[in-house]
Amino acid sequence: MKLDLRPKEECLFDEISLGEIMLRLDPGEGRIKTARSFRAWEGGGEYNVARGLRRCFGMKTGVVTAFAENEVGYLLEDLILQGGVDTSLIKWVKYDGIGRTTRNGINFTERGFGIRGAVGTSDRGHTAISQLKPGEIDWDHIFGELGVRWLHTGGIYAALSENSAQVVIEAVKAAKKYGTVVSYDLNYRPSLWSDIGGVEKAREVNRELAGYVDVMIGNEEDFTACLGFEIEGNDADLKELNMDGYVKMLGEACKAYPNFKVIATTLRTVITATVNSWKALCYADGKVYNSIEFPALEILDRVGGGDSFASGLIYGLMTYEDAQKAVNYGVVHGALAMTTPGDTSMASLKEVEAKVNGGSARVQR
């Protein structure tokens with residue numbers, strides 16, 4: 001497996017993420033519908049990866065997004081700056097005072113506990129980033145003049161609007177033009193695609209995008225919904241995934257898209273909202289690399305676990321170009337991220353490496 005990364009000295013950024021960032025309002029241990037106070041966080045499927053790479057793994061990262069220029073936008077910027085992610089590529093859009101034409105997205109998220117699952121209620125219509133159009137971002141400047149080693153984006157942003165899908169396509173084409181490695185998280189959300197063509201549109205967009213992706217991330221449902229691959233012999237009524245059929249499907253995906261250097265996926269069984277089994281695998285060079293497994297991971301906040309897996313995976317691939325190390329860094333970082341509140345990781349590289357190397361949860365003094 002060789003990713004042909006651009007030399008670090010040629011690039012201002014190790015990684016940039018393209019996507020929507022929302023203000024997350026969290027009622028803590030309570031429920032959204034009965035809350036009287038909320039804690040504010042920032043979060044977004046693509047952004048969370050950039051923040052994890054910066055805050056945990058020490059890489060220079062940035063985010064390409066758009067905000068309405070108002071107090072909520074400034075709050076989001078401040079939260080991003082606290083995470084160390086570069087904000088110079090953010091596009092600011094004039095606010096009309098009402099939000100009729102453009103606004104910033106809000107995501108209400110409760111964590112769930114035991115038999116009560118997590119709940120998310122987003123309010124993201126007419127956001128500045130969903131209205132971004134092709135041609136509004138100078139990709140030649142970003143990839144050609146500033147220099148970027150890795151671009152990460154995904155299916156959540158691609159599904160926000162017809163414009164968003166075209167912006168992602170424009171971005172990945174520009175990235176490949178300048179030799180930037182591209183990762184993409186399929187992250188299929190039926191509710192996001194429903195108004196712009198449903199599963200048929202999801203497949204149309206994602207099949208085009210797949211031709212420019214080096215590292216594809218997704219679970220079995222994502223590969224079926226977004227790319228049309230089926231798992232042979234898998235019975236939807238079975239509690240466990242047919243792993244032989246799944247691995248065969250990943251091989252078929254690599255044949256259909258020979259540009260895929262790595263496919264990575266998390267494998268989660270929800271026992272309760274606060275106890276999940278958690279593991280992952282990488283498929284590279286025709287081989288399967290299984291991660292460390294957490295058979296009964298205790299979870300405080302599951303939101304963002306997959307994004308933290310992605311950032312750990314990317315760090316491992318960029319640093320070692322070793323699929324086995326990468327999948328272990330990814331699964332451990334994702335596990336640690338789910339032990340703290342908020343969408344983003346609070347883990348350190350030291351903590352991740354300790355768990356990758358078999359460390360325990362004994363108290364540290």
# chains A, B, ... in the order shown; residues from 1 in each chain; ligands from 1
$ residues_around --residues "segment 224-227 of chain A" --least-positions-apart "6" --cutoff "9 Å" --atoms "only C-alpha atoms" --output "number ranges by chain"
A: 155, 186-188, 190, 199-207, 210, 253
$ write_last_selection --atoms "N, CA and C atoms" --output "tab-separated table (two decimals), in the first residue's frame"
chain	number	residue	atom	x	y	z
A	155	GLY	N	-20.10	12.18	2.86
A	155	GLY	CA	-21.45	12.12	2.34
A	155	GLY	C	-22.46	12.95	3.09
A	186	LEU	N	-18.52	7.80	3.56
A	186	LEU	CA	-19.82	7.71	2.90
A	186	LEU	C	-20.97	8.21	3.79
A	187	ASN	N	-20.99	7.83	5.06
A	187	ASN	CA	-21.88	8.41	6.07
A	187	ASN	C	-23.30	8.64	5.54
A	188	TYR	N	-23.94	7.59	5.05
A	188	TYR	CA	-25.26	7.72	4.43
A	188	TYR	C	-26.32	8.09	5.46
A	190	PRO	N	-30.33	8.80	5.18
A	190	PRO	CA	-31.50	8.86	4.29
A	190	PRO	C	-32.25	10.18	4.36
A	199	VAL	N	-32.09	7.60	-2.56
A	199	VAL	CA	-30.97	6.68	-2.72
A	199	VAL	C	-30.41	6.70	-4.14
A	200	GLU	N	-31.27	6.96	-5.13
A	200	GLU	CA	-30.79	7.02	-6.52
A	200	GLU	C	-29.81	8.18	-6.70
A	201	LYS	N	-30.13	9.33	-6.13
A	201	LYS	CA	-29.22	10.48	-6.20
A	201	LYS	C	-27.96	10.21	-5.40
A	202	ALA	N	-28.10	9.57	-4.25
A	202	ALA	CA	-26.92	9.24	-3.44
A	202	ALA	C	-25.95	8.38	-4.24
A	203	ARG	N	-26.47	7.41	-4.95
A	203	ARG	CA	-25.60	6.54	-5.74
A	203	ARG	C	-24.98	7.28	-6.92
A	204	GLU	N	-25.76	8.13	-7.55
A	204	GLU	CA	-25.23	8.91	-8.68
A	204	GLU	C	-24.05	9.77	-8.24
A	205	VAL	N	-24.22	10.50	-7.14
A	205	VAL	CA	-23.18	11.40	-6.65
A	205	VAL	C	-21.98	10.62	-6.15
A	206	ASN	N	-22.23	9.61	-5.31
A	206	ASN	CA	-21.13	8.89	-4.68
A	206	ASN	C	-20.36	8.02	-5.65
A	207	ARG	N	-21.02	7.51	-6.66
A	207	ARG	CA	-20.28	6.74	-7.68
A	207	ARG	C	-19.34	7.64	-8.47
A	210	ALA	N	-16.44	8.48	-6.04
A	210	ALA	CA	-15.60	7.33	-5.70
A	210	ALA	C	-14.39	7.20	-6.62
A	253	ALA	N	-15.54	-3.94	-4.48
A	253	ALA	CA	-15.47	-2.47	-4.54
A	253	ALA	C	-14.10	-2.02	-5.03
$ residues_around --residues "Asp322 of chain A" --least-positions-apart "5" --cutoff "12 Å" --atoms "only C-alpha atoms" --output "number ranges by chain"
A: 1-3, 261-262, 282-285, 289, 313-317, 327-329
$ residues_around --residues "Lys94 of chain A" --least-positions-apart "6" --cutoff "9 Å" --atoms "only C-alpha atoms" --output "NGL selection string"
:A and (67-70 or 102)
$ select_by_dssp --residues "segment 12-214 of chain A" --states "strand (DSSP E)" --output "VMD selection string"
chain A and resid 13 to 18 22 to 26 39 to 43 61 to 64 66 to 68 91 to 93 106 to 110 119 to 123 148 to 154 181 to 185
$ write_last_selection --atoms "N, CA and C atoms" --output "compact mmCIF listing (two decimals), in the first residue's frame"
# COMPACT_ATOMS: atom_id res chain seq x y z
N PHE A 13 -0.62 22.76 4.89
CA PHE A 13 -1.53 21.93 5.69
C PHE A 13 -1.21 20.45 5.52
N ASP A 14 -1.23 19.74 6.65
CA ASP A 14 -1.21 18.28 6.58
C ASP A 14 -2.55 17.78 6.06
N GLU A 15 -3.63 18.41 6.53
CA GLU A 15 -4.97 17.96 6.15
C GLU A 15 -5.94 19.13 6.21
N ILE A 16 -6.90 19.13 5.30
CA ILE A 16 -8.05 20.03 5.42
C ILE A 16 -9.33 19.21 5.27
N SER A 17 -10.38 19.69 5.90
CA SER A 17 -11.69 19.05 5.79
C SER A 17 -12.67 20.02 5.14
N LEU A 18 -13.53 19.47 4.29
CA LEU A 18 -14.59 20.23 3.64
C LEU A 18 -15.93 19.73 4.16
N MET A 22 -21.77 22.67 12.67
CA MET A 22 -22.96 23.19 13.36
C MET A 22 -22.65 23.46 14.83
N LEU A 23 -23.46 24.29 15.44
CA LEU A 23 -23.41 24.50 16.87
C LEU A 23 -24.23 23.39 17.52
N ARG A 24 -23.57 22.57 18.34
CA ARG A 24 -24.26 21.49 19.04
C ARG A 24 -24.72 22.00 20.41
N LEU A 25 -26.00 21.84 20.69
CA LEU A 25 -26.56 22.19 21.99
C LEU A 25 -26.92 20.90 22.72
N ASP A 26 -26.28 20.68 23.86
CA ASP A 26 -26.29 19.41 24.57
C ASP A 26 -26.95 19.57 25.94
N ARG A 39 -25.33 22.93 26.99
CA ARG A 39 -23.92 23.22 26.84
C ARG A 39 -23.61 23.30 25.35
N ALA A 40 -22.80 24.27 24.95
CA ALA A 40 -22.51 24.50 23.53
C ALA A 40 -21.19 23.84 23.13
N TRP A 41 -21.24 23.15 22.01
CA TRP A 41 -20.05 22.56 21.40
C TRP A 41 -20.11 22.87 19.90
N GLU A 42 -19.03 22.64 19.20
CA GLU A 42 -19.06 22.66 17.74
C GLU A 42 -18.89 21.23 17.24
N GLY A 43 -19.44 20.95 16.06
CA GLY A 43 -19.29 19.60 15.52
C GLY A 43 -19.75 19.50 14.09
N THR A 61 -3.94 21.42 10.53
CA THR A 61 -5.17 21.18 9.78
C THR A 61 -5.97 22.47 9.62
N GLY A 62 -6.85 22.46 8.64
CA GLY A 62 -7.74 23.58 8.39
C GLY A 62 -9.10 23.07 7.96
N VAL A 63 -10.06 23.98 7.87
CA VAL A 63 -11.40 23.59 7.48
C VAL A 63 -11.91 24.55 6.41
N VAL A 64 -12.53 23.97 5.39
CA VAL A 64 -13.22 24.76 4.37
C VAL A 64 -14.71 24.64 4.64
N ALA A 66 -18.49 27.48 5.41
CA ALA A 66 -19.04 28.83 5.29
C ALA A 66 -19.96 29.09 6.47
N PHE A 67 -19.91 30.32 6.97
CA PHE A 67 -20.77 30.75 8.07
C PHE A 67 -21.47 32.04 7.71
N ALA A 68 -22.70 32.20 8.22
CA ALA A 68 -23.34 33.51 8.20
C ALA A 68 -22.60 34.39 9.21
N LYS A 91 -15.40 30.78 4.55
CA LYS A 91 -16.06 31.83 3.76
C LYS A 91 -17.17 32.43 4.62
N TRP A 92 -17.13 33.75 4.78
CA TRP A 92 -18.14 34.45 5.57
C TRP A 92 -19.18 35.06 4.64
N VAL A 93 -20.45 34.84 4.97
CA VAL A 93 -21.57 35.26 4.12
C VAL A 93 -22.40 36.29 4.88
N ILE A 106 -27.75 24.47 13.61
CA ILE A 106 -27.78 24.08 15.03
C ILE A 106 -28.16 22.60 15.11
N ASN A 107 -27.51 21.90 16.00
CA ASN A 107 -27.78 20.47 16.19
C ASN A 107 -28.02 20.19 17.68
N PHE A 108 -29.26 19.86 18.04
CA PHE A 108 -29.58 19.47 19.40
C PHE A 108 -29.31 17.98 19.54
N THR A 109 -28.50 17.60 20.51
CA THR A 109 -28.13 16.19 20.64
C THR A 109 -28.18 15.76 22.10
N GLU A 110 -28.95 14.70 22.38
CA GLU A 110 -28.92 14.10 23.71
C GLU A 110 -28.22 12.75 23.62
N VAL A 119 -30.39 10.77 20.76
CA VAL A 119 -31.33 11.45 19.87
C VAL A 119 -30.67 12.71 19.34
N GLY A 120 -30.79 12.92 18.04
CA GLY A 120 -30.29 14.15 17.43
C GLY A 120 -31.39 14.84 16.65
N THR A 121 -31.51 16.16 16.83
CA THR A 121 -32.49 16.95 16.08
C THR A 121 -31.75 18.15 15.49
N SER A 122 -31.54 18.12 14.18
CA SER A 122 -30.78 19.20 13.56
C SER A 122 -31.70 20.27 12.97
N ASP A 123 -31.19 21.48 12.92
CA ASP A 123 -31.91 22.64 12.38
C ASP A 123 -30.91 23.31 11.44
N VAL A 148 -1.61 21.11 0.28
CA VAL A 148 -2.35 20.26 1.22
C VAL A 148 -1.95 18.81 0.96
N ARG A 149 -1.61 18.09 2.01
CA ARG A 149 -1.22 16.69 1.84
C ARG A 149 -2.44 15.77 1.77
N TRP A 150 -3.52 16.14 2.47
CA TRP A 150 -4.66 15.23 2.58
C TRP A 150 -5.95 16.05 2.63
N LEU A 151 -6.95 15.65 1.86
CA LEU A 151 -8.29 16.24 1.91
C LEU A 151 -9.25 15.19 2.43
N HIS A 152 -10.06 15.58 3.44
CA HIS A 152 -11.11 14.70 3.92
C HIS A 152 -12.46 15.38 3.74
N THR A 153 -13.42 14.64 3.21
CA THR A 153 -14.78 15.14 3.09
C THR A 153 -15.72 13.94 3.17
N GLY A 154 -17.02 14.17 2.95
CA GLY A 154 -17.90 13.03 3.13
C GLY A 154 -19.32 13.24 2.68
N VAL A 181 -3.86 13.47 -1.38
CA VAL A 181 -4.60 12.24 -1.06
C VAL A 181 -6.01 12.62 -0.60
N VAL A 182 -7.00 11.84 -1.03
CA VAL A 182 -8.40 12.11 -0.69
C VAL A 182 -8.99 10.96 0.11
N SER A 183 -9.59 11.29 1.26
CA SER A 183 -10.41 10.32 1.98
C SER A 183 -11.84 10.82 2.01
N TYR A 184 -12.76 9.86 2.06
CA TYR A 184 -14.19 10.18 1.96
C TYR A 184 -14.96 9.22 2.85
N ASP A 185 -15.80 9.76 3.72
CA ASP A 185 -16.65 8.95 4.59
C ASP A 185 -18.06 8.95 4.01
$ select_by_dssp --residues "segment 138-339 of chain A" --states "alpha helix (DSSP H)" --output "MDAnalysis selection string"
chainID A and resid 139 155:158 162:177 190:193 198:210 220:227 243:256 305:320 323:337
$ closest_residue --among "A:Val72, A:Ile263, A:Cys56, A:Leu300" --to "Gly312 of chain A" --atoms "only C-alpha atoms"
A:Cys56
$ closest_residue --among "A:Gly97, A:Gly30, A:Pro134, A:Gly125" --to "Phe113 of chain A" --atoms "only C-alpha atoms"
A:Gly30
$ atom_distance --atom1 "atom CA of His333 of chain A" --atom2 "atom CA of Leu209 of chain A"
26.9 Å
$ closest_residue --among "A:Val215, A:Gly19, A:Leu336, A:Asp78" --to "Thr127 of chain A" --atoms "only C-alpha atoms"
A:Gly19
$ closest_residue --among "A:Leu75, A:Val213, A:Leu12, A:Ala35" --to "Ser88 of chain A" --atoms "only C-alpha atoms"
A:Leu12
$ atom_distance --atom1 "atom CA of Ala280 of chain A" --atom2 "atom CA of Ser345 of chain A"
17.9 Å
$ closest_residue --among "A:Asn276, A:Ser308, A:Ser130, A:Thr340" --to "Ile156 of chain A" --atoms "only C-alpha atoms"
A:Ser130
$ closest_atom_pairs --of "segment 126-205 of chain A" --to "segment 8-11 of chain A" --cutoff "12 Å" --atoms "only C-alpha atoms" --output "tab-separated table"
residue	atom	partner	partner_atom	distance
A:His141	CA	A:Cys11	CA	11.8
A:Ile142	CA	A:Cys11	CA	9.8
A:Phe143	CA	A:Cys11	CA	8.5
A:Gly144	CA	A:Cys11	CA	9.2
A:Glu145	CA	A:Cys11	CA	8.5
A:Leu146	CA	A:Cys11	CA	6.2
A:Gly147	CA	A:Cys11	CA	4.0
A:Val148	CA	A:Cys11	CA	5.3
A:Arg149	CA	A:Cys11	CA	6.5
A:Trp150	CA	A:Cys11	CA	9.9
A:Tyr178	CA	A:Cys11	CA	11.1
A:Gly179	CA	A:Cys11	CA	11.2
A:Thr180	CA	A:Cys11	CA	10.0
$ atom_distance --atom1 "atom CA of Gly228 of chain A" --atom2 "atom CA of Asp214 of chain A"
18.7 Å
$ residues_around --residues "Ser161 of chain A" --least-positions-apart "6" --cutoff "9 Å" --atoms "only C-alpha atoms" --output "JSON, numbers by chain"
{"A": [130, 131, 192, 193, 195, 196]}
$ closest_residue --among "A:Arg100, A:Arg51, A:Lys248, A:Arg111" --to "Thr272 of chain A" --atoms "only C-alpha atoms"
A:Arg111
